[in-house]
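The structure appears right after this line, and notes come after that.
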Amino acid sequence: MPTQSYRDIEIPSDYHRAKEVEDAIIDSAQSHGYHEDDLFALRLSLEEALTNAIRHGNAGDREKKVILRYYINENQADIYVADEGPGFDPTAVPDPTITENLSQPNGRGILLMRAYMNLVEYNDTGNVVHMVKLNSKP
Amino acid sequence: MTETPNKLVISREGQITIVELLDEEILEEATINEIADELFPLVSSKPNIQLLLSFIRVKHLSSSALGTLIRLNKRIEENKGTLKLCHLKKPLYEIFVITKLNRLFEIYDDQATALSSFEKKA
C-alpha cells in the first residue's frame with residue numbers, strides 16, 4: 001500500500017465500528033462536494049468491502065483487525081480495505097447474474113463494487129481490496 | 001387491520017399483505033437480521049401469502065439485503081405464495097438491474113399497479 005497522505009484506521013471485526021468508519025468517509029466525501037450518486041456508490045461499496053473483510057476475511061473473529069487506508073480529495077476517493085484472513089481468488093467467485101445462480105443468496109458484493117466504483121482491484125493474496133471513486137463533479 | 005412491529009408497517013388490502021419497510025438504510029447485518037426476524041414469521045405462518053413489499057422509504061440496500069430478499073422469496077414460494085416489490089427508487093432499481101434480480105422479482109413502480117397485478121393473476 002502507498003503511504004503518502006493516506007489516513008489509517010484500524011478496527012476490530014465489528015459491524016458497528018465499520019459503520020462509524022463508513023460514516024466518517026461519506027462525511028468527508030460530502031464535504032468535498034461529491035455528487036449524490038457518488039456518495040451512494042461509496043456507501044454501498046464501503047459496506048460491501050467491510051462486510052466481506054469482517055464476515056469472509058476475518059470470519060467474524062473480533063480479535064482480527066480490519067485496516068482501512070484512504071484519502072479523499074476533490075477529485076477522487078482512494079480506499080484500501082485489508083483483513084487478516086487467508087485471502088481468496090476473486091476470479092473464482094461464480095457469476096451471480098447467470099440464470100442458475102440468480103437464486104443464490106450470496107456472492108453479489110464484488111459485482112456491486114465493480115459496478116459502482118471506477119477501480120476495484122485485489123492484492124495477490126486476496127485480503128486487500130483497493131477501490132477508487134472519481135468525483136463526477138469536481 | 002394494521003400492526004406496528006419495529007421494522008415494518010403491515011397492512012392488508014383484501015387478500016394481499018402489504019409490508020412497508022421502515023428503515024432508510026438496509027445495509028448492515030444487524031438491521032437486516034432484525035427485519036428478517038419480523039418478516040419470516042409473517043410469511044411462515046401464512047401459506048399462500050400474497051405479499052407486497054414496499055421500499056417507499058428505503059434509500060440504501062446492500063448485497064446482504066438482497067440475499068435476505070432471495071431467501072424470503074424462496075420461503076414464500078415453498079409455501080405456495082407470491083412476493084412482489086414496489087416503490088424502488090431509481091438507484092435501488094439499478095441495483096436489481098446490475099445483479100439481474102429484476103428477472104427474479106416482480107417489481108412495480110407503485111403500490112396501486114402492484115396491487116392490481118395480484119388481482120389480474122387471481
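The chains in the C-alpha cells are called A, B, ... from first to last as shown; in each chain the residues are counted from 1, and the ligands are counted from 1 in the order shown.
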
| message | Need the shell around B:Lys74: protein/DNA/RNA residues with any atom at most 12 Å away, counting only C-alpha atoms. Skip same-chain ones fewer than 4 positions apart. Format as a list in words? | response | Leu102, Ser103, Gln104 and Pro105 of chain A; Phe40, Val43, Ser44, Gly67, Thr68, Leu69, Ile70, Glu78, Asn79, Lys80, Gly81, Thr82, Leu83, Leu104 and Phe105 of chain B

- Tell me, which residues of stretch 19-62 of chain B carry DSSP strand (DSSP E or B), written as a list of chain:residue names?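 Checking each residue of stretch 19-62 of chain B, the strand (DSSP E or B) ones are B:Val19, B:Glu20, B:Leu21, B:Glu25, B:Ile26, B:Gln50, B:Leu51, B:Leu52, B:Leu53, B:Ser54, B:His60, B:Leu61.
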
Same residues, N, CA and C atoms, saved as a compact mmCIF listing (two decimals), in the first residue's frame:
```txt
# COMPACT_ATOMS: atom_id res chain seq x y z
N VAL B 19 -46.40 -4.91 3.17
CA VAL B 19 -45.38 -4.64 4.19
C VAL B 19 -44.52 -3.47 3.73
N GLU B 20 -44.51 -2.41 4.53
CA GLU B 20 -43.67 -1.26 4.22
C GLU B 20 -42.43 -1.33 5.12
N LEU B 21 -41.27 -1.32 4.50
CA LEU B 21 -40.02 -1.35 5.26
C LEU B 21 -39.74 0.05 5.79
N GLU B 25 -31.93 2.89 5.52
CA GLU B 25 -30.71 2.17 5.16
C GLU B 25 -30.85 0.70 5.55
N ILE B 26 -30.86 -0.17 4.55
CA ILE B 26 -30.87 -1.61 4.84
C ILE B 26 -29.55 -2.16 4.32
N GLN B 50 -49.95 -13.60 -0.22
CA GLN B 50 -49.70 -12.69 -1.33
C GLN B 50 -49.09 -11.45 -0.71
N LEU B 51 -47.79 -11.31 -0.86
CA LEU B 51 -47.06 -10.28 -0.12
C LEU B 51 -46.51 -9.21 -1.06
N LEU B 52 -46.84 -7.97 -0.74
CA LEU B 52 -46.28 -6.84 -1.47
C LEU B 52 -45.34 -6.09 -0.53
N LEU B 53 -44.08 -6.01 -0.93
CA LEU B 53 -43.07 -5.36 -0.10
C LEU B 53 -42.79 -3.98 -0.68
N SER B 54 -43.06 -2.95 0.13
CA SER B 54 -42.89 -1.57 -0.34
C SER B 54 -41.57 -0.99 0.16
N HIS B 60 -31.07 2.97 0.78
CA HIS B 60 -29.85 2.18 0.57
C HIS B 60 -30.11 0.70 0.84
N LEU B 61 -29.53 -0.14 -0.02
CA LEU B 61 -29.64 -1.60 0.10
C LEU B 61 -28.27 -2.21 -0.13
```

Please find the residues of chain B near chain A - the criterion being any atom within 10 Å, counting only C-alpha atoms - and write them as a ChimeraX atom specification.
/B:27-30,59-74,91-92,95,97-104

Could those selected residues go to a file with C-alpha atoms, as an mmCIF file, in the first residue's frame?
```cif
data_model
loop_
_atom_site.group_PDB
_atom_site.id
_atom_site.type_symbol
_atom_site.label_atom_id
_atom_site.label_comp_id
_atom_site.auth_asym_id
_atom_site.auth_seq_id
_atom_site.Cartn_x
_atom_site.Cartn_y
_atom_site.Cartn_z
ATOM 1 C CA LEU B 27 -27.152 -2.211 4.697
ATOM 2 C CA GLU B 28 -25.874 -3.588 7.966
ATOM 3 C CA GLU B 29 -26.086 -7.153 9.175
ATOM 4 C CA ALA B 30 -27.899 -6.154 12.408
ATOM 5 C CA LYS B 59 -32.662 4.724 0.226
ATOM 6 C CA HIS B 60 -29.852 2.181 0.565
ATOM 7 C CA LEU B 61 -29.637 -1.601 0.105
ATOM 8 C CA SER B 62 -26.655 -3.956 0.304
ATOM 9 C CA SER B 63 -25.974 -7.350 -1.224
ATOM 10 C CA SER B 64 -26.750 -8.879 2.190
ATOM 11 C CA ALA B 65 -30.219 -7.321 1.992
ATOM 12 C CA LEU B 66 -30.640 -8.815 -1.486
ATOM 13 C CA GLY B 67 -29.660 -12.206 -0.060
ATOM 14 C CA THR B 68 -32.372 -11.928 2.581
ATOM 15 C CA LEU B 69 -34.936 -10.996 -0.082
ATOM 16 C CA ILE B 70 -33.948 -14.065 -2.092
ATOM 17 C CA ARG B 71 -34.342 -16.294 0.974
ATOM 18 C CA LEU B 72 -37.701 -14.678 1.709
ATOM 19 C CA ASN B 73 -38.842 -15.301 -1.859
ATOM 20 C CA LYS B 74 -37.806 -18.968 -1.596
ATOM 21 C CA PRO B 91 -30.770 3.963 -7.680
ATOM 22 C CA LEU B 92 -32.181 0.915 -5.894
ATOM 23 C CA ILE B 95 -29.014 -2.485 -8.138
ATOM 24 C CA VAL B 97 -30.742 -4.441 -12.858
ATOM 25 C CA ILE B 98 -26.972 -4.783 -12.249
ATOM 26 C CA THR B 99 -27.495 -8.035 -10.337
ATOM 27 C CA LYS B 100 -30.221 -9.113 -12.814
ATOM 28 C CA LEU B 101 -32.512 -9.729 -9.858
ATOM 29 C CA ASN B 102 -35.163 -7.759 -11.752
ATOM 30 C CA ARG B 103 -35.575 -11.094 -13.584
ATOM 31 C CA LEU B 104 -36.182 -12.963 -10.329
#
```

Checklist line | Within 10 Å of stretch 61-65 of chain A using only C-alpha atoms, minus same-chain residues under 6 positions, as a ChimeraX atom specification | finding: /A:10-14,53-55,82-85

- Using DSSP on the backbone, list every residue of chain A that comes out as alpha helix (DSSP H), and give them as a VMD selection string. chain A and resid 15 to 31 36 to 51 109 to 116

### 8 Å contact set for stretch 117-125 of chain A, only C-alpha atoms, chain neighbours under 5 positions out, as an NGL selection string
:A and (41-42 or 45 or 86-90 or 130-134)

_What does the structure give for the distance between atom CA of A:Ile9 and atom CA of A:Ile67, in Å to one decimal?_
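About the pair atom CA of A:Ile9 and atom CA of A:Ile67: they are 5.8 Å apart.
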
Practice task
Grab the atom CA of B:Ala112 to atom CA of A:Glu36 distance for me, in Å with one decimal place.
Solution key: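 For atom CA of B:Ala112 relative to atom CA of A:Glu36, the distance reads 29.0 Å.
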